[in-house]
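Student: Next up, input05.txt (compact mmCIF, C-alpha atoms (C1' of nucleotides)).
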# COMPACT_ATOMS: atom_id res chain seq x y z
CA MET A 207 60.41 65.70 6.87
CA SER A 208 57.73 67.31 4.74
CA ASP A 209 57.94 69.82 1.96
CA ALA A 210 57.57 72.69 4.38
CA GLU A 211 60.85 71.80 6.01
CA LEU A 212 62.96 71.97 2.90
CA ASP A 213 64.57 75.32 2.70
CA LYS A 214 65.86 76.98 -0.41
CA THR A 215 69.36 75.63 0.09
CA ASP A 216 68.11 72.04 0.46
CA ARG A 217 66.17 72.44 -2.74
CA LYS A 218 69.22 73.70 -4.50
CA ILE A 219 71.21 70.70 -3.33
CA LEU A 220 68.50 68.35 -4.56
CA ALA A 221 68.30 70.05 -7.93
CA LEU A 222 72.06 70.02 -8.41
CA LEU A 223 72.38 66.33 -7.52
CA GLN A 224 69.34 65.40 -9.57
CA ASP A 225 71.05 66.96 -12.53
CA ASP A 226 74.56 65.68 -11.90
CA ALA A 227 75.18 63.25 -9.09
CA ARG A 228 78.89 63.36 -9.67
CA LEU A 229 79.26 66.88 -8.34
CA THR A 230 81.56 66.84 -5.32
CA ASN A 231 80.46 68.26 -2.01
CA ASN A 232 83.10 70.92 -2.70
CA ASP A 233 81.42 71.85 -6.01
CA ILE A 234 77.99 71.98 -4.44
CA ALA A 235 79.22 73.91 -1.44
CA GLU A 236 80.53 76.66 -3.68
CA ARG A 237 77.21 76.96 -5.43
CA ILE A 238 75.14 77.12 -2.26
CA HIS A 239 77.62 79.35 -0.44
CA LEU A 240 78.25 77.00 2.47
CA SER A 241 81.30 75.08 3.57
CA PRO A 242 81.94 71.56 2.24
CA SER A 243 81.38 70.12 5.70
CA GLN A 244 77.99 71.73 6.13
CA CYS A 245 77.09 70.69 2.63
CA SER A 246 78.06 67.13 3.51
CA ARG A 247 75.84 67.21 6.57
CA ARG A 248 72.84 68.59 4.73
CA ARG A 249 73.28 66.03 2.02
CA ALA A 250 73.51 63.25 4.61
CA ARG A 251 70.29 64.49 6.17
CA LEU A 252 68.49 64.53 2.83
CA GLU A 253 69.68 60.96 2.25
CA ARG A 254 68.74 59.78 5.74
CA ASP A 255 65.29 61.32 5.46
CA GLY A 256 64.68 59.69 2.09
CA LEU A 257 64.43 62.83 -0.02
CA ILE A 258 67.42 61.50 -1.92
CA ALA A 259 66.29 57.94 -2.55
CA GLY A 260 69.35 56.79 -4.46
CA TYR A 261 71.96 57.53 -7.05
CA HIS A 262 72.03 55.98 -10.50
CA ALA A 263 74.04 56.06 -13.67
CA ARG A 264 71.91 56.71 -16.74
CA ILE A 265 72.83 54.16 -19.35
CA ASP A 266 72.22 54.88 -23.04
CA GLY A 267 69.64 52.30 -24.04
CA GLU A 268 70.43 52.33 -27.75
CA LYS A 269 74.15 52.08 -27.22
CA ALA A 270 73.59 49.23 -24.76
CA GLY A 271 71.56 47.38 -27.37
CA PHE A 272 67.97 48.22 -26.50
CA GLY A 273 66.41 49.47 -29.69
CA LEU A 274 62.79 49.70 -28.56
CA VAL A 275 60.93 51.54 -25.84
CA ASN A 276 57.30 50.47 -25.63
CA PHE A 277 54.26 51.62 -23.73
CA ILE A 278 51.89 48.79 -23.03
CA SER A 279 48.43 49.23 -21.57
CA VAL A 280 46.98 46.23 -19.77
CA THR A 281 43.52 45.29 -18.57
CA LEU A 282 43.18 42.55 -15.98
CA SER A 283 40.67 39.78 -16.51
CA THR A 284 38.89 40.24 -13.22
CA HIS A 285 39.36 43.00 -10.77
CA ASN A 286 40.16 41.29 -7.54
CA ARG A 287 42.96 41.36 -5.06
CA ASN A 288 44.35 38.03 -6.17
CA ASN A 289 44.80 39.08 -9.78
CA ALA A 290 46.29 42.41 -8.82
CA ALA A 291 48.77 40.67 -6.54
CA ARG A 292 49.63 38.16 -9.26
CA PHE A 293 50.16 40.92 -11.74
CA ALA A 294 52.35 42.87 -9.34
CA GLU A 295 54.42 39.77 -8.79
CA LEU A 296 54.83 39.32 -12.52
CA MET A 297 56.00 42.90 -12.91
CA ALA A 298 58.56 42.48 -10.17
CA ARG A 299 60.03 39.45 -11.95
CA LEU A 300 60.58 41.11 -15.31
CA PRO A 301 63.64 43.35 -15.57
CA GLU A 302 62.58 44.62 -18.99
CA VAL A 303 59.59 46.29 -17.35
CA GLN A 304 60.96 49.63 -16.24
CA GLU A 305 57.70 51.08 -15.03
CA ALA A 306 54.31 49.69 -14.09
CA HIS A 307 51.50 51.92 -12.85
CA ALA A 308 47.84 51.35 -12.08
CA LEU A 309 45.84 54.19 -13.60
CA THR A 310 42.49 55.89 -13.79
CA GLY A 311 40.96 55.55 -17.24
CA GLU A 312 39.95 52.82 -19.61
CA MET A 313 43.00 50.61 -19.08
CA ASP A 314 44.07 49.28 -15.69
CA TYR A 315 47.84 49.55 -15.99
CA ILE A 316 50.45 51.21 -18.11
CA LEU A 317 53.86 49.63 -18.50
CA ARG A 318 57.05 51.00 -19.91
CA VAL A 319 59.04 48.10 -21.39
CA VAL A 320 62.41 48.07 -23.13
CA THR A 321 63.29 45.40 -25.63
CA ARG A 322 66.18 44.84 -27.97
CA ASP A 323 63.98 44.71 -31.08
CA LEU A 324 60.53 43.91 -32.43
CA ARG A 325 61.13 40.23 -31.85
CA GLY A 326 61.83 40.93 -28.21
CA LEU A 327 58.65 42.94 -27.96
CA SER A 328 56.61 40.25 -29.64
CA ASP A 329 58.02 37.62 -27.29
CA PHE A 330 57.32 39.78 -24.29
CA VAL A 331 53.71 40.37 -25.25
CA ASN A 332 52.87 36.93 -26.65
CA GLU A 333 54.96 34.67 -24.45
CA THR A 334 55.05 36.50 -21.17
CA LEU A 335 52.21 38.96 -20.85
CA LEU A 336 49.19 37.57 -22.71
CA PRO A 337 49.51 34.01 -21.41
CA HIS A 338 49.43 35.26 -17.82
CA GLU A 339 46.11 34.27 -16.35
CA ALA A 340 45.47 37.66 -14.74
CA VAL A 341 45.85 39.53 -18.04
CA GLN A 342 42.80 40.03 -20.24
CA ASN A 343 43.71 42.66 -22.78
CA VAL A 344 46.89 44.34 -23.95
CA LYS A 345 47.47 47.42 -26.10
CA THR A 346 51.00 47.99 -27.32
CA SER A 347 52.51 51.21 -28.61
CA ILE A 348 56.07 51.58 -29.80
CA VAL A 349 57.95 54.82 -29.23
CA LEU A 350 58.74 56.44 -32.58
CA GLN A 351 60.54 59.47 -31.27
CA THR A 352 61.47 60.68 -27.83
CA LEU A 353 61.16 64.40 -27.22
CA LYS A 354 62.15 64.17 -23.59
CA ASP A 355 63.12 61.37 -21.27
CA THR A 356 64.15 62.42 -17.79
CA SER A 357 63.02 61.41 -14.35
CA ALA A 358 63.69 64.91 -13.15
CA LEU A 359 61.28 66.55 -10.75
CA PRO A 360 60.66 70.27 -11.31
CA LEU A 361 62.38 71.45 -8.18
CA ASP A 362 62.32 75.15 -8.98
CA ASP A 363 66.07 75.21 -9.11
CA SER A 364 67.78 78.45 -9.94
CA MET B 21 81.37 51.43 -29.64
CA SER B 22 78.56 48.99 -30.29
CA ASP B 23 77.03 46.31 -28.16
CA ALA B 24 79.41 43.73 -29.56
CA GLU B 25 82.33 45.54 -27.96
CA LEU B 26 81.02 45.52 -24.45
CA ASP B 27 82.55 42.64 -22.62
CA LYS B 28 81.17 40.96 -19.56
CA THR B 29 83.19 43.17 -17.24
CA ASP B 30 81.95 46.37 -18.87
CA ARG B 31 78.40 45.16 -18.49
CA LYS B 32 79.00 44.43 -14.86
CA ILE B 33 80.33 47.95 -14.33
CA LEU B 34 77.28 49.42 -16.06
CA ALA B 35 74.89 47.33 -14.01
CA LEU B 36 76.58 48.18 -10.74
CA LEU B 37 76.59 51.92 -11.46
CA GLN B 38 73.05 51.85 -12.78
CA ASP B 39 72.01 50.40 -9.45
CA ASP B 40 74.17 52.56 -7.21
CA ALA B 41 76.17 55.39 -8.69
CA ARG B 42 77.81 56.09 -5.38
CA LEU B 43 79.91 52.94 -5.41
CA THR B 44 83.57 53.89 -5.41
CA ASN B 45 85.95 52.65 -8.04
CA ASN B 46 87.50 50.64 -5.20
CA ASP B 47 84.15 48.96 -4.45
CA ILE B 48 83.52 48.20 -8.10
CA ALA B 49 87.06 47.00 -8.66
CA GLU B 50 86.64 44.37 -5.95
CA ARG B 51 83.49 43.09 -7.55
CA ILE B 52 84.90 42.84 -11.05
CA HIS B 53 88.26 41.49 -9.87
CA LEU B 54 90.36 44.26 -11.37
CA SER B 55 92.48 46.97 -9.81
CA PRO B 56 90.92 50.34 -8.96
CA SER B 57 93.04 52.04 -11.60
CA GLN B 58 91.89 49.72 -14.36
CA CYS B 59 88.36 50.08 -13.15
CA SER B 60 88.75 53.83 -13.34
CA ARG B 61 90.00 53.61 -16.91
CA ARG B 62 87.17 51.35 -18.05
CA ARG B 63 84.65 53.61 -16.42
CA ALA B 64 86.17 56.63 -18.10
CA ARG B 65 85.93 54.87 -21.45
CA LEU B 66 82.26 54.00 -20.88
CA GLU B 67 81.59 57.65 -20.04
CA ARG B 68 83.57 58.96 -22.99
CA ASP B 69 81.82 56.61 -25.39
CA GLY B 70 78.40 57.65 -24.11
CA LEU B 71 77.31 54.31 -22.64
CA ILE B 72 77.15 56.08 -19.31
CA ALA B 73 75.18 59.16 -20.27
CA GLY B 74 75.07 60.78 -16.84
CA TYR B 75 74.63 60.36 -13.13
CA HIS B 76 71.57 61.44 -11.22
CA ALA B 77 70.18 61.46 -7.73
CA ARG B 78 66.71 59.96 -7.53
CA ILE B 79 64.53 62.33 -5.55
CA ASP B 80 61.43 61.03 -3.77
CA GLY B 81 58.59 62.82 -5.53
CA GLU B 82 56.08 62.52 -2.70
CA LYS B 83 58.53 63.71 -0.07
CA ALA B 84 59.49 66.61 -2.31
CA GLY B 85 55.85 67.62 -2.59
CA PHE B 86 54.74 66.08 -5.87
CA GLY B 87 51.63 64.12 -5.08
CA LEU B 88 50.54 63.19 -8.59
CA VAL B 89 52.11 61.32 -11.45
CA ASN B 90 50.00 61.52 -14.59
CA PHE B 91 50.09 59.95 -18.02
CA ILE B 92 48.65 62.20 -20.65
CA SER B 93 47.99 61.14 -24.23
CA VAL B 94 47.91 63.91 -26.79
CA THR B 95 46.71 64.18 -30.37
CA LEU B 96 47.97 67.04 -32.50
CA SER B 97 45.50 69.09 -34.49
CA THR B 98 47.22 68.61 -37.82
CA HIS B 99 50.08 66.35 -38.55
CA ASN B 100 52.70 68.55 -40.05
CA ARG B 101 56.25 69.43 -39.26
CA ASN B 102 55.37 72.85 -37.93
CA ASN B 103 52.99 71.53 -35.29
CA ALA B 104 55.37 68.78 -34.29
CA ALA B 105 58.15 71.33 -33.87
CA ARG B 106 55.88 73.60 -31.87
CA PHE B 107 54.85 70.78 -29.64
CA ALA B 108 58.45 69.69 -29.10
CA GLU B 109 59.30 73.23 -28.14
CA LEU B 110 56.46 73.32 -25.64
CA MET B 111 57.63 70.08 -24.07
CA ALA B 112 61.16 71.42 -23.72
CA ARG B 113 59.84 74.46 -21.84
CA LEU B 114 57.86 72.60 -19.22
CA PRO B 115 59.87 71.10 -16.37
CA GLU B 116 56.88 69.21 -15.04
CA VAL B 117 56.89 67.10 -18.18
CA GLN B 118 59.32 64.33 -17.36
CA GLU B 119 58.82 62.29 -20.50
CA ALA B 120 57.35 62.97 -23.92
CA HIS B 121 57.29 60.31 -26.62
CA ALA B 122 55.72 60.10 -30.04
CA LEU B 123 54.06 56.69 -30.40
CA THR B 124 52.43 54.25 -32.75
CA GLY B 125 48.75 53.81 -31.96
CA GLU B 126 45.67 55.93 -31.68
CA MET B 127 47.28 58.86 -29.82
CA ASP B 128 50.25 60.79 -31.15
CA TYR B 129 52.18 61.37 -27.95
CA ILE B 130 52.34 60.11 -24.42
CA LEU B 131 53.56 62.39 -21.66
CA ARG B 132 54.54 61.67 -18.13
CA VAL B 133 53.79 64.72 -16.03
CA VAL B 134 54.28 65.32 -12.31
CA THR B 135 52.14 67.81 -10.44
CA ARG B 136 51.77 68.75 -6.81
CA ASP B 137 48.04 67.99 -6.73
CA LEU B 138 44.86 67.81 -8.78
CA ARG B 139 44.79 71.57 -9.06
CA GLY B 140 48.24 71.51 -10.60
CA LEU B 141 47.15 68.84 -13.04
CA SER B 142 44.06 70.78 -13.98
CA ASP B 143 46.09 73.91 -14.56
CA PHE B 144 48.59 72.03 -16.65
CA VAL B 145 45.92 70.51 -18.88
CA ASN B 146 43.57 73.46 -19.12
CA GLU B 147 45.96 76.39 -19.02
CA THR B 148 49.04 75.02 -20.69
CA LEU B 149 48.28 72.04 -22.84
CA LEU B 150 44.81 72.47 -24.30
CA PRO B 151 45.19 76.13 -25.24
CA HIS B 152 48.28 75.31 -27.27
CA GLU B 153 47.37 75.66 -30.91
CA ALA B 154 49.09 72.45 -31.96
CA VAL B 155 47.10 70.34 -29.48
CA GLN B 156 43.77 68.91 -30.57
CA ASN B 157 42.87 66.25 -28.02
CA VAL B 158 44.10 65.23 -24.61
CA LYS B 159 43.42 62.14 -22.50
CA THR B 160 44.55 62.27 -18.91
CA SER B 161 45.12 59.35 -16.55
CA ILE B 162 46.24 59.67 -12.98
CA VAL B 163 48.50 57.04 -11.43
CA LEU B 164 46.66 55.28 -8.62
CA GLN B 165 49.43 52.94 -7.61
CA THR B 166 52.96 52.39 -8.76
CA LEU B 167 54.16 48.81 -8.92
CA LYS B 168 57.54 49.70 -10.32
CA ASP B 169 59.28 52.90 -11.26
CA THR B 170 62.86 52.53 -12.38
CA SER B 171 64.75 53.67 -15.43
CA ALA B 172 66.89 50.57 -15.20
CA LEU B 173 67.86 48.71 -18.34
CA PRO B 174 67.92 44.91 -18.05
CA LEU B 175 71.67 44.55 -18.42
CA ASP B 176 71.86 40.88 -17.57
CA ASP B 177 73.96 41.70 -14.56
CA SER B 178 75.14 38.90 -12.35
C1' DA C 33 65.31 90.32 30.80
C1' DT C 34 68.28 86.40 31.16
C1' DG C 35 70.16 81.89 30.76
C1' DA C 36 69.99 77.24 28.92
C1' DG C 37 69.49 74.29 25.13
C1' DC C 38 69.40 73.40 20.38
C1' DG C 39 70.60 73.66 15.64
C1' DG C 40 73.47 75.49 12.02
C1' DC C 41 77.81 76.79 10.87
C1' DG C 42 83.17 76.80 9.53
C1' DC C 43 87.85 75.07 10.57
C1' DA C 44 91.05 71.58 10.58
C1' DA C 45 92.75 67.03 10.78
C1' DG C 46 92.75 62.22 9.64
C1' DG C 47 91.29 58.89 6.54
C1' DT C 48 89.64 57.49 1.94
C1' DG C 49 89.28 57.87 -3.02
C1' DT C 50 90.95 59.09 -7.75
C1' DT C 51 93.91 59.47 -11.43
C1' DT C 52 98.03 59.06 -14.03
C1' DG C 53 102.84 57.76 -15.17
C1' DC C 54 105.46 53.80 -15.52
C1' DG C 55 106.67 49.24 -16.62
C1' DT C 56 105.04 44.51 -17.66
C1' DA C 57 102.08 41.14 -19.81
C1' DT C 58 98.86 39.83 -23.23
C1' DT C 59 96.51 40.23 -27.50
C1' DT C 60 96.08 41.45 -32.28
C1' DG C 61 97.32 42.11 -36.99
C1' DC C 62 100.49 41.44 -40.66
C1' DG D 299 107.19 35.10 -35.55
C1' DC D 300 107.42 39.94 -34.67
C1' DA D 301 105.95 44.55 -33.87
C1' DA D 302 102.38 47.40 -32.39
C1' DA D 303 98.47 48.09 -29.68
C1' DT D 304 95.92 47.22 -25.66
C1' DA D 305 95.05 45.86 -20.96
C1' DC D 306 96.81 45.54 -16.65
C1' DG D 307 98.70 46.52 -11.58
C1' DC D 308 101.67 49.41 -8.62
C1' DA D 309 102.59 53.53 -6.41
C1' DA D 310 102.60 58.34 -5.72
C1' DA D 311 100.55 62.84 -5.72
C1' DC D 312 96.52 65.19 -5.31
C1' DA D 313 91.57 65.69 -4.26
C1' DC D 314 87.70 64.73 -1.48
C1' DC D 315 84.97 63.42 2.63
C1' DT D 316 83.70 63.19 7.25
C1' DT D 317 83.75 64.26 11.98
C1' DG D 318 85.17 66.53 16.38
C1' DC D 319 85.39 70.91 18.15
C1' DG D 320 84.09 75.46 19.24
C1' DC D 321 81.33 79.58 18.05
C1' DC D 322 77.06 82.03 17.01
C1' DG D 323 72.24 82.95 16.79
C1' DC D 324 67.65 81.74 17.87
C1' DT D 325 63.95 80.05 20.76
C1' DC D 326 61.80 78.99 24.94
C1' DA D 327 61.09 78.82 29.83
C1' DT D 328 61.62 81.06 34.15
Please, can you express the file's structure as structure tokens?

Tutor:
Amino acid sequence: MSDAELDKTDRKILALLQDDARLTNNDIAERIHLSPSQCSRRRARLERDGLIAGYHARIDGEKAGFGLVNFISVTLSTHNRNNAARFAELMARLPEVQEAHALTGEMDYILRVVTRDLRGLSDFVNETLLPHEAVQNVKTSIVLQTLKDTSALPLDDS
Amino acid sequence: MSDAELDKTDRKILALLQDDARLTNNDIAERIHLSPSQCSRRRARLERDGLIAGYHARIDGEKAGFGLVNFISVTLSTHNRNNAARFAELMARLPEVQEAHALTGEMDYILRVVTRDLRGLSDFVNETLLPHEAVQNVKTSIVLQTLKDTSALPLDDS
DNA sequence: ATGAGCGGCGCAAGGTGTTTGCGTATTTGC
DNA sequence: GCAAATACGCAAACACCTTGCGCCGCTCAT
């Protein structure tokens, strides 16, 4: 199922559910001018084929007690497969790490990490990250203001 | 509604829905050992109070045709309120910008931007971002590998 | 040109899910 | 201790979802 096989109606379904996953098949069906049953089938296909990878509630971080969002750039001490695997394993074990990406550029990885406060950030960096034997260097930035924070793909919805 | 007023059951509801927003109130009710109607009421309260800020389908970027995830650091040309407002306005207008945060550190903003390919990235940087009068400097990194990519808050679920 | 096969579609029915009113139990504040 | 507020489960009415069926249109092979 590649891009070429998504028609305009599929895209519309994806965009609608990306925006509000609580829309009923009846709601969606009205907007795409199909019946609820056909809408249900198309949706099931998009799920089966992995276009829709999951459904999630977005929880308000501040209200839930997470005061800080941090971007942390990391350099590994030696670039070899063992260290990369060790680092990946570390990332998988830490629920406060929301994102971890290997990048082009001067730093090897960028992490997005949520903590309750500065103390939490300090602990994360000094007690968890820096002591890890694969980690050589760490640069931490704290988010001061968020202009936009979605995971939304630009699906050309309309 | 602060953190102190979320009990263990509320947290469990949040964690379950964060993980899978398609769980029915019946499913959730079983797991938190309440009735479906009480589960429904608690959920409604969490929504009303803004702890649950929304529900979204997660769309597979690659399958939907977005081959590149990019982190772009931006410096503004002059730090004043006008430029910051202009930049914020630009970010709001660009659906390919998923995230935009003002940060501590050497760069003013970090953006997460999805594009279909290198050409799309180049266009974004050279035709949209750099020509903007508020933008002075741009550093672009392309994601080579993603170890983790969630928006999940560590809610101490269990 | 024609017929077979396939995929998309809507209708309708049966099953599941949701919400709300009601009454009871528990907790909280004075 | 008492009254008020809150949390709870039950049950009923309504909404929603899925799937079998049949129809239609398109494509491909003969």

Student: Counting all atoms listed in the file, which residues in chain D sit no more than 9 Å from chain A? For each one, give the nearest pair of atoms and the distance in Å, sorted by chain then residue number, as a tab-separated table.

Tutor:
residue	atom	partner	partner_atom	distance
D:DC314	C1'	A:Thr230	CA	7.5
D:DC315	C1'	A:Ser246	CA	7.9
D:DT316	C1'	A:Ser243	CA	7.5
D:DT317	C1'	A:Ser243	CA	8.9

Student: When the cut-off is 6 Å and we count all atoms listed in the file, which residues of chain B are near chain A, given as a PyMOL selection string?

Tutor: chain B and resi 23+37-41+71-80+83-85+115-116+118-125+161-171+174

Student: May I have the selected residues written with C-alpha atoms, as an mmCIF file, keeping the file's coordinate frame?

Tutor:
data_model
loop_
_atom_site.group_PDB
_atom_site.id
_atom_site.type_symbol
_atom_site.label_atom_id
_atom_site.label_comp_id
_atom_site.auth_asym_id
_atom_site.auth_seq_id
_atom_site.Cartn_x
_atom_site.Cartn_y
_atom_site.Cartn_z
ATOM 1 C CA ASP B 23 77.030 46.310 -28.160
ATOM 2 C CA LEU B 37 76.590 51.920 -11.460
ATOM 3 C CA GLN B 38 73.050 51.850 -12.780
ATOM 4 C CA ASP B 39 72.010 50.400 -9.450
ATOM 5 C CA ASP B 40 74.170 52.560 -7.210
ATOM 6 C CA ALA B 41 76.170 55.390 -8.690
ATOM 7 C CA LEU B 71 77.310 54.310 -22.640
ATOM 8 C CA ILE B 72 77.150 56.080 -19.310
ATOM 9 C CA ALA B 73 75.180 59.160 -20.270
ATOM 10 C CA GLY B 74 75.070 60.780 -16.840
ATOM 11 C CA TYR B 75 74.630 60.360 -13.130
ATOM 12 C CA HIS B 76 71.570 61.440 -11.220
ATOM 13 C CA ALA B 77 70.180 61.460 -7.730
ATOM 14 C CA ARG B 78 66.710 59.960 -7.530
ATOM 15 C CA ILE B 79 64.530 62.330 -5.550
ATOM 16 C CA ASP B 80 61.430 61.030 -3.770
ATOM 17 C CA LYS B 83 58.530 63.710 -0.070
ATOM 18 C CA ALA B 84 59.490 66.610 -2.310
ATOM 19 C CA GLY B 85 55.850 67.620 -2.590
ATOM 20 C CA PRO B 115 59.870 71.100 -16.370
ATOM 21 C CA GLU B 116 56.880 69.210 -15.040
ATOM 22 C CA GLN B 118 59.320 64.330 -17.360
ATOM 23 C CA GLU B 119 58.820 62.290 -20.500
ATOM 24 C CA ALA B 120 57.350 62.970 -23.920
ATOM 25 C CA HIS B 121 57.290 60.310 -26.620
ATOM 26 C CA ALA B 122 55.720 60.100 -30.040
ATOM 27 C CA LEU B 123 54.060 56.690 -30.400
ATOM 28 C CA THR B 124 52.430 54.250 -32.750
ATOM 29 C CA GLY B 125 48.750 53.810 -31.960
ATOM 30 C CA SER B 161 45.120 59.350 -16.550
ATOM 31 C CA ILE B 162 46.240 59.670 -12.980
ATOM 32 C CA VAL B 163 48.500 57.040 -11.430
ATOM 33 C CA LEU B 164 46.660 55.280 -8.620
ATOM 34 C CA GLN B 165 49.430 52.940 -7.610
ATOM 35 C CA THR B 166 52.960 52.390 -8.760
ATOM 36 C CA LEU B 167 54.160 48.810 -8.920
ATOM 37 C CA LYS B 168 57.540 49.700 -10.320
ATOM 38 C CA ASP B 169 59.280 52.900 -11.260
ATOM 39 C CA THR B 170 62.860 52.530 -12.380
ATOM 40 C CA SER B 171 64.750 53.670 -15.430
ATOM 41 C CA PRO B 174 67.920 44.910 -18.050
#

Student: Can you tell me how far CA of Leu141 (chain B) sits from CA of Arg106 (chain B), in Å to one decimal?

Tutor: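 Calculated distance between CA of Leu141 (chain B) and CA of Arg106 (chain B) is 21.3 Å.
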
Student: Using all atoms listed in the file, tabulate the residues of chain C lying at most 9 Å from any atom of chain B, each with its closest atom pair and that distance in Å to one decimal, by chain and increasing residue number, as a tab-separated table.

Tutor:
residue	atom	partner	partner_atom	distance
C:DG49	C1'	B:Thr44	CA	7.4
C:DT50	C1'	B:Ser60	CA	8.0
C:DT51	C1'	B:Ser57	CA	7.5
C:DT52	C1'	B:Ser57	CA	8.9

Student: Grab the residues selected above and save them as a PDB file, keeping the file's coordinate frame with C-alpha atoms (C1' of nucleotides).

Tutor:
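Now in result25.pdb:
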ATOM      1  C1'  DG C  49      89.280  57.870  -3.020  1.00  0.00           C
ATOM      2  C1'  DT C  50      90.950  59.090  -7.750  1.00  0.00           C
ATOM      3  C1'  DT C  51      93.910  59.470 -11.430  1.00  0.00           C
ATOM      4  C1'  DT C  52      98.030  59.060 -14.030  1.00  0.00           C
TER       5       DT C  52
END

Student: Report, in Å to a single decimal, how far apart CA of Ser328 (chain A) and CA of Ala104 (chain B) are.

Tutor: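 About the pair CA of Ala104 (chain B) and CA of Ser328 (chain A): they are 28.9 Å apart.
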
Student: Hey, can you check how far C1' of DG42 (chain C) sits from CA of Gln244 (chain A)?

Tutor: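 If I compute the distance from C1' of DG42 (chain C) to CA of Gln244 (chain A), I get 8.0 Å.
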
Student: As a PyMOL selection string, please: the residues near DA301 (chain D) (cut-off 12 Å, all atoms listed in the file, same-chain neighbours under 6 positions excluded).

Tutor: chain C and resi 60-62

Student: Find the spatial neighbours of region 320-327 of chain D, counting only C-alpha atoms (C1' of nucleotides), within a cut-off of 12 Å - ignore same-chain residues fewer than 4 positions away - and output them as a list in words.

Tutor: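 Residues near the query, excluding close chain neighbours: DT34, DG35, DA36, DG37, DC38, DG39, DG40, DC41, DG42, DC43 and DA44 of chain C.
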
Student: Each residue of chain C lying at most 8 Å from region 302-311 of chain D should get a row with its shortest atom-to-atom pair and the distance in Å to one decimal, counting only C-alpha atoms (C1' of nucleotides); could you produce that, ordered by chain and increasing number, as a tab-separated table?

Tutor:
residue	atom	partner	partner_atom	distance
C:DA57	C1'	D:DC306	C1'	7.6
C:DT58	C1'	D:DA305	C1'	7.5
C:DT59	C1'	D:DT304	C1'	7.3
C:DT60	C1'	D:DA303	C1'	7.5

Student: Starting from the incomplete input, reconstruct N, CA and C atoms of region 338-350 of chain A and write that as a tab-separated table (two decimals), in the coordinates of the input.

Tutor:
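Final file, rebuild.tsv:
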chain	number	residue	atom	x	y	z
A	338	HIS	N	49.62	35.16	-19.28
A	338	HIS	CA	49.43	35.26	-17.82
A	338	HIS	C	47.94	35.28	-17.51
A	339	GLU	N	47.54	34.48	-16.59
A	339	GLU	CA	46.11	34.27	-16.35
A	339	GLU	C	45.38	35.52	-15.83
A	340	ALA	N	46.13	36.46	-15.24
A	340	ALA	CA	45.47	37.66	-14.74
A	340	ALA	C	45.22	38.69	-15.85
A	341	VAL	N	45.90	38.52	-16.98
A	341	VAL	CA	45.85	39.53	-18.04
A	341	VAL	C	44.73	39.22	-19.03
A	342	GLN	N	43.87	40.22	-19.27
A	342	GLN	CA	42.80	40.03	-20.24
A	342	GLN	C	43.12	40.67	-21.58
A	343	ASN	N	43.54	41.90	-21.55
A	343	ASN	CA	43.71	42.66	-22.78
A	343	ASN	C	44.99	43.49	-22.72
A	344	VAL	N	45.61	43.64	-23.88
A	344	VAL	CA	46.89	44.34	-23.95
A	344	VAL	C	46.87	45.27	-25.16
A	345	LYS	N	47.30	46.50	-24.96
A	345	LYS	CA	47.47	47.42	-26.10
A	345	LYS	C	48.91	47.90	-26.11
A	346	THR	N	49.56	47.70	-27.23
A	346	THR	CA	51.00	47.99	-27.32
A	346	THR	C	51.26	49.18	-28.23
A	347	SER	N	52.04	50.11	-27.77
A	347	SER	CA	52.51	51.21	-28.61
A	347	SER	C	54.04	51.28	-28.56
A	348	ILE	N	54.61	51.47	-29.70
A	348	ILE	CA	56.07	51.58	-29.80
A	348	ILE	C	56.46	53.05	-29.89
A	349	VAL	N	57.47	53.44	-29.17
A	349	VAL	CA	57.95	54.82	-29.23
A	349	VAL	C	58.64	55.06	-30.57
A	350	LEU	N	58.15	56.08	-31.29
A	350	LEU	CA	58.74	56.44	-32.58
A	350	LEU	C	59.84	57.48	-32.43
